[in-house]
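S.K.: Before I ask anything, here is the structure I am working with.
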Amino acid sequence: MAMMTFPPAVSYGALRLRSRYLLSPLAGFTNMPFRRIVHEIGGVGLTTTDLVNARALLFQSPKTLELIETCEVESPFAVQIFGSDVGTMCEAAKLLEARGVDSIDINMGCPVRRIVANGSGASMMCRPDETLSLIRAIVEAVRIPVTVKMRLGWDATQLTAPFFAREFEQAGIAAVAIHGRTREQGFSGFVDRDGIRRVVDAVERIPIIGNGDVRTVADAEVMLRETGCHGVSIGRGALANPWIFRQLVEWETTGSFGPAGTFDDRLALMQRQFRYLAKRRGVESAIIGFRKMAHWYLKAMHVRAKLRHEFQLIRNPDGLDRYFEKLAAEGPVNGNRTGELPEMHIPVPSGPVERW
Ligand SMILES: Cc1cc2nc3c(=O)[nH]c(=O)nc-3n(C[C@H](O)[C@H](O)[C@H](O)COP(=O)(O)O)c2cc1C
């Protein structure tokens with residue numbers, strides 16, 4: 001890798017992040033147990049919740065309160081909200097500030113039909129005037145930093161992210177994270193790093209966080225170098241390798257970095273994360289709630305397909321104990337237990353963008 005000059009440390013207003021490498025929100029995955037695990041491993045600059053419905057937050061439904069639950073090790077901590085009603089979004093932001101949240105992120109990137117049809121998520125990029133008034137109102141409603149996560153634009157004919165980033169900076173937004181795809185693209189095709197660079201060039205002071213398809217230190221290096229972004233946020237790559245943040249900080253500070261976890265490390269991590277979830281929800285419910293996550297762990301651990309599938313059939317604590325014993329006895333199909341495992345294939349959410 002070529003020598004790299006790093007941009008200054010990343011701050012959201014007065015909030016100094018722990019590093020420039022952030023965990024991207026992944027609905028259904030980036031719950032508190034996973035965010036806690038990532039902080040415990042170290043290196044992550046900031047973790048953010050999954051997208052939270054601002055209206056549901058005001059009703060304080062138990063599900064929503066679980067989404068915004070945090071723990072001591074998770075600092076700093078951001079909550080991502082979505083919605084299009086100014087009053088509701090401002091009230092939700094104030095509620096979060098009162099609960100001690102460090103930073104609020106506004107979702108303007110979600111392509112899912114349910115969200116977009118409601119005037120939220122990526123569809124906000126189609127209504128600049130309304131969106132700007134909404135953003136101004138939220139920034140005025142709270143003292144903590146407010147950030148925006150968006151895509152390059154609605155489609156290739158409307159690459160409006162640079163415009164929005166400039167306007168947001170004027171409105172007092174503390175940082176912008178940009179996924180280098182359009183809404184229309186969903187997760188297909190490649191991340192457009194020139195597009196991210198144009199967003200970086202459009203602002204004067206605020207940090208721009210580049211996002212999309214970063215799964216290794218080499219990928220992050222390319223993102224930083226080619227776009228000039230100040231920070232990098234990592235979603236799926238962190239599911240495949242929760243050690244990535246620590247590796248990145250090691251690389252930035254020393255020029256080299258240690259390996260990701262071995263099979264045995266991952267098994268221990270998986271069990272720890274499961275325990276955190278079980279503490280919150282009870283074992284029976286955690287077994288079901290952990291299925292999606294287990295799928296990623298087991299793939300990254302190169303567990304044989306049939307055994308991977310067996311996790312999805314576990315019904316009770318005894319079954320879980322037996323499963324972990326079998327897993328520990330069997331080990332990976334490629335590589336070994338104590339060495340570096342081959343990289344896993346990172347899946348793209350399937351189906352049209354409407355579906356996830
Ligand atoms: C299953 C899944 C759920 C996601 N949920 C959210 C979300 O709640 N909020 C958000 O801003 N982005 C969400 N995203 C987008 C990611 O944060 C990120 O922008 C995208 O996955 C590209 O980055 P990556 O290649 O590092 O994963 C989600 C992506 C996936 C795959």
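Naming scheme: A, B, ... for chains in displayed order of the structure tokens; residues 1 onward per chain; ligands 1 onward as shown.
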Any residue with an atom at most 9 Å from ligand 1 counts, using only C-alpha atoms and all ligand atoms. Which are they? Put them as an MDAnalysis selection string.
M.R.: chainID A and resid 23:30 48:52 80:82 105:111 121 148:151 177:181 187 191 211:215 232:239 346:349 356
S.K.: Can you write out the residues you just picked, keeping N, CA and C atoms, as a compact mmCIF listing (two decimals), in the first residue's frame?
M.R.:
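Result file follows (out_31.txt):
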```
# COMPACT_ATOMS: atom_id res chain seq x y z
N LEU A 23 -19.28 2.57 12.34
CA LEU A 23 -20.19 1.46 12.00
C LEU A 23 -21.43 2.05 11.33
N SER A 24 -21.73 1.58 10.14
CA SER A 24 -22.91 2.04 9.40
C SER A 24 -24.16 1.34 9.94
N PRO A 25 -25.28 2.04 10.01
CA PRO A 25 -26.49 1.36 10.49
C PRO A 25 -26.95 0.26 9.54
N LEU A 26 -27.29 -0.89 10.10
CA LEU A 26 -27.80 -2.02 9.31
C LEU A 26 -29.03 -2.53 10.04
N ALA A 27 -30.21 -2.13 9.57
CA ALA A 27 -31.44 -2.50 10.27
C ALA A 27 -31.51 -4.00 10.48
N GLY A 28 -31.80 -4.41 11.70
CA GLY A 28 -31.90 -5.84 12.01
C GLY A 28 -30.58 -6.44 12.48
N PHE A 29 -29.49 -5.69 12.37
CA PHE A 29 -28.18 -6.21 12.78
C PHE A 29 -27.49 -5.35 13.82
N THR A 30 -27.54 -4.01 13.60
CA THR A 30 -26.74 -3.15 14.46
C THR A 30 -27.50 -2.81 15.74
N THR A 48 -24.02 3.75 15.54
CA THR A 48 -25.34 4.35 15.34
C THR A 48 -26.38 3.23 15.35
N THR A 49 -27.55 3.53 15.88
CA THR A 49 -28.63 2.53 15.87
C THR A 49 -29.13 2.30 14.44
N ASP A 50 -29.95 1.28 14.30
CA ASP A 50 -30.74 1.10 13.07
C ASP A 50 -31.65 2.32 12.92
N LEU A 51 -32.25 2.44 11.78
CA LEU A 51 -33.18 3.57 11.61
C LEU A 51 -34.39 3.39 12.53
N VAL A 52 -34.77 4.48 13.17
CA VAL A 52 -35.85 4.47 14.16
C VAL A 52 -36.94 5.41 13.68
N GLN A 80 -30.22 6.97 14.75
CA GLN A 80 -30.68 7.42 13.43
C GLN A 80 -32.21 7.44 13.42
N ILE A 81 -32.78 8.55 13.00
CA ILE A 81 -34.25 8.62 12.93
C ILE A 81 -34.69 8.86 11.49
N PHE A 82 -35.92 8.47 11.22
CA PHE A 82 -36.51 8.81 9.93
C PHE A 82 -37.93 9.30 10.14
N ASP A 105 -28.68 11.22 13.78
CA ASP A 105 -28.46 11.06 12.36
C ASP A 105 -29.82 10.98 11.66
N ILE A 106 -29.97 11.72 10.56
CA ILE A 106 -31.23 11.69 9.82
C ILE A 106 -31.06 10.78 8.61
N ASN A 107 -31.97 9.83 8.48
CA ASN A 107 -31.89 8.90 7.35
C ASN A 107 -32.51 9.53 6.10
N MET A 108 -31.64 9.72 5.10
CA MET A 108 -32.12 10.23 3.81
C MET A 108 -31.65 9.30 2.71
N GLY A 109 -31.33 8.07 3.09
CA GLY A 109 -30.76 7.16 2.09
C GLY A 109 -31.56 5.89 1.89
N CYS A 110 -32.49 5.62 2.81
CA CYS A 110 -33.16 4.32 2.76
C CYS A 110 -34.01 4.20 1.49
N PRO A 111 -33.78 3.12 0.70
CA PRO A 111 -34.50 2.97 -0.56
C PRO A 111 -35.79 2.17 -0.44
N GLY A 121 -36.67 8.74 4.15
CA GLY A 121 -35.55 8.05 3.51
C GLY A 121 -35.11 8.77 2.26
N VAL A 148 -26.47 13.79 8.63
CA VAL A 148 -27.37 13.22 7.63
C VAL A 148 -26.66 12.06 6.94
N LYS A 149 -27.41 11.01 6.68
CA LYS A 149 -26.86 9.94 5.84
C LYS A 149 -27.71 9.89 4.57
N MET A 150 -27.04 9.97 3.43
CA MET A 150 -27.81 9.96 2.17
C MET A 150 -27.05 9.19 1.08
N ARG A 151 -27.71 9.07 -0.05
CA ARG A 151 -27.09 8.46 -1.23
C ARG A 151 -26.67 9.55 -2.20
N ALA A 177 -22.79 11.55 5.89
CA ALA A 177 -22.28 10.26 5.43
C ALA A 177 -22.93 9.97 4.08
N ILE A 178 -22.12 9.51 3.16
CA ILE A 178 -22.63 9.35 1.81
C ILE A 178 -22.34 7.95 1.27
N HIS A 179 -23.41 7.22 1.00
CA HIS A 179 -23.29 5.90 0.36
C HIS A 179 -23.19 6.16 -1.14
N GLY A 180 -22.12 5.71 -1.74
CA GLY A 180 -21.81 6.07 -3.12
C GLY A 180 -22.64 5.35 -4.18
N ARG A 181 -23.93 5.24 -3.94
CA ARG A 181 -24.86 4.71 -4.95
C ARG A 181 -26.11 5.58 -4.96
N PHE A 187 -28.39 -1.85 -4.22
CA PHE A 187 -27.05 -2.32 -3.85
C PHE A 187 -26.29 -2.84 -5.05
N VAL A 191 -19.71 1.21 -6.19
CA VAL A 191 -19.74 2.49 -5.50
C VAL A 191 -19.00 3.52 -6.36
N ASN A 211 -18.94 5.94 2.26
CA ASN A 211 -19.53 4.64 2.60
C ASN A 211 -19.84 3.82 1.35
N GLY A 212 -19.66 2.53 1.51
CA GLY A 212 -20.06 1.59 0.48
C GLY A 212 -18.97 0.61 0.09
N ASP A 213 -19.24 -0.68 0.33
CA ASP A 213 -18.38 -1.76 -0.12
C ASP A 213 -16.99 -1.80 0.49
N VAL A 214 -16.79 -1.16 1.63
CA VAL A 214 -15.47 -1.25 2.28
C VAL A 214 -15.47 -2.49 3.18
N ARG A 215 -14.61 -3.43 2.86
CA ARG A 215 -14.56 -4.64 3.69
C ARG A 215 -13.16 -5.01 4.17
N VAL A 232 -14.70 6.93 7.23
CA VAL A 232 -15.26 5.84 6.41
C VAL A 232 -16.26 5.09 7.27
N SER A 233 -17.44 4.84 6.73
CA SER A 233 -18.35 4.03 7.52
C SER A 233 -18.54 2.68 6.85
N ILE A 234 -18.64 1.67 7.70
CA ILE A 234 -18.59 0.28 7.24
C ILE A 234 -19.80 -0.47 7.81
N GLY A 235 -20.56 -1.08 6.91
CA GLY A 235 -21.73 -1.84 7.33
C GLY A 235 -21.47 -3.32 7.22
N ARG A 236 -21.76 -3.88 6.03
CA ARG A 236 -21.66 -5.33 5.85
C ARG A 236 -20.25 -5.86 6.15
N GLY A 237 -19.25 -5.05 5.83
CA GLY A 237 -17.86 -5.47 6.09
C GLY A 237 -17.62 -5.72 7.58
N ALA A 238 -18.37 -5.00 8.43
CA ALA A 238 -18.20 -5.18 9.88
C ALA A 238 -18.92 -6.43 10.36
N LEU A 239 -19.97 -6.84 9.64
CA LEU A 239 -20.63 -8.10 10.00
C LEU A 239 -19.69 -9.26 9.67
N ILE A 346 -19.52 -11.42 0.52
CA ILE A 346 -20.47 -10.53 1.20
C ILE A 346 -21.75 -10.44 0.38
N PRO A 347 -22.87 -10.90 0.93
CA PRO A 347 -24.09 -10.86 0.13
C PRO A 347 -24.65 -9.45 -0.02
N VAL A 348 -25.37 -9.27 -1.10
CA VAL A 348 -26.06 -8.02 -1.38
C VAL A 348 -27.51 -8.28 -1.03
N PRO A 349 -28.21 -7.34 -0.37
CA PRO A 349 -29.62 -7.59 -0.10
C PRO A 349 -30.33 -8.00 -1.38
N TRP A 356 -35.99 -4.83 0.93
CA TRP A 356 -35.37 -4.98 2.24
C TRP A 356 -35.48 -3.70 3.03
```
S.K.: Just the residues within 10 Å of stretch 287-302 of chain A, please, counting only C-alpha atoms, with nothing from its chain fewer than 6 positions along; format it as a PyMOL selection string.
M.R.: chain A and resi 28-30+34+236+239-242+261-267+269-271+273-274+277-278+281+308-309+311-317+319-320+327+331-337+341-347
S.K.: Write out as a list in words which residues come within 10 Å of stretch 4-10 of chain A when counting only C-alpha atoms, dropping same-chain ones fewer than 5 positions away.
M.R.: Leu15, Arg16, Leu17, Arg18, Ser19, Arg20, Tyr21, Gly45, Ala175, Ile206, Pro207, Ile208, Ile209, Glu221, Val222, Leu224, Arg225, Gly228, Cys229, His230, Gly231, Glu252 and Gly255 of chain A
S.K.: When you look at A:Ala165 with a cut-off of 7 Å (counting only C-alpha atoms), what residues show up, excluding the ones that are within fewer than 6 positions of it in the same chain? I need them as a PyMOL selection string.
M.R.: chain A and resi 176+199+202-203
S.K.: Could those selected residues go to a file with N, CA and C atoms, as an mmCIF file, in the first residue's frame?
M.R.:
```cif
data_model
loop_
_atom_site.group_PDB
_atom_site.id
_atom_site.type_symbol
_atom_site.label_atom_id
_atom_site.label_comp_id
_atom_site.auth_asym_id
_atom_site.auth_seq_id
_atom_site.Cartn_x
_atom_site.Cartn_y
_atom_site.Cartn_z
ATOM 1 N N VAL A 176 -21.856 14.691 7.062
ATOM 2 C CA VAL A 176 -22.709 13.964 6.115
ATOM 3 C C VAL A 176 -22.030 12.638 5.783
ATOM 4 N N VAL A 199 -19.060 15.307 -3.401
ATOM 5 C CA VAL A 199 -19.690 15.742 -2.149
ATOM 6 C C VAL A 199 -18.623 16.358 -1.228
ATOM 7 N N ALA A 202 -17.866 19.752 -2.284
ATOM 8 C CA ALA A 202 -18.972 20.718 -2.190
ATOM 9 C C ALA A 202 -19.029 21.423 -0.834
ATOM 10 N N VAL A 203 -18.376 20.858 0.183
ATOM 11 C CA VAL A 203 -18.496 21.472 1.512
ATOM 12 C C VAL A 203 -17.199 22.181 1.897
#
```
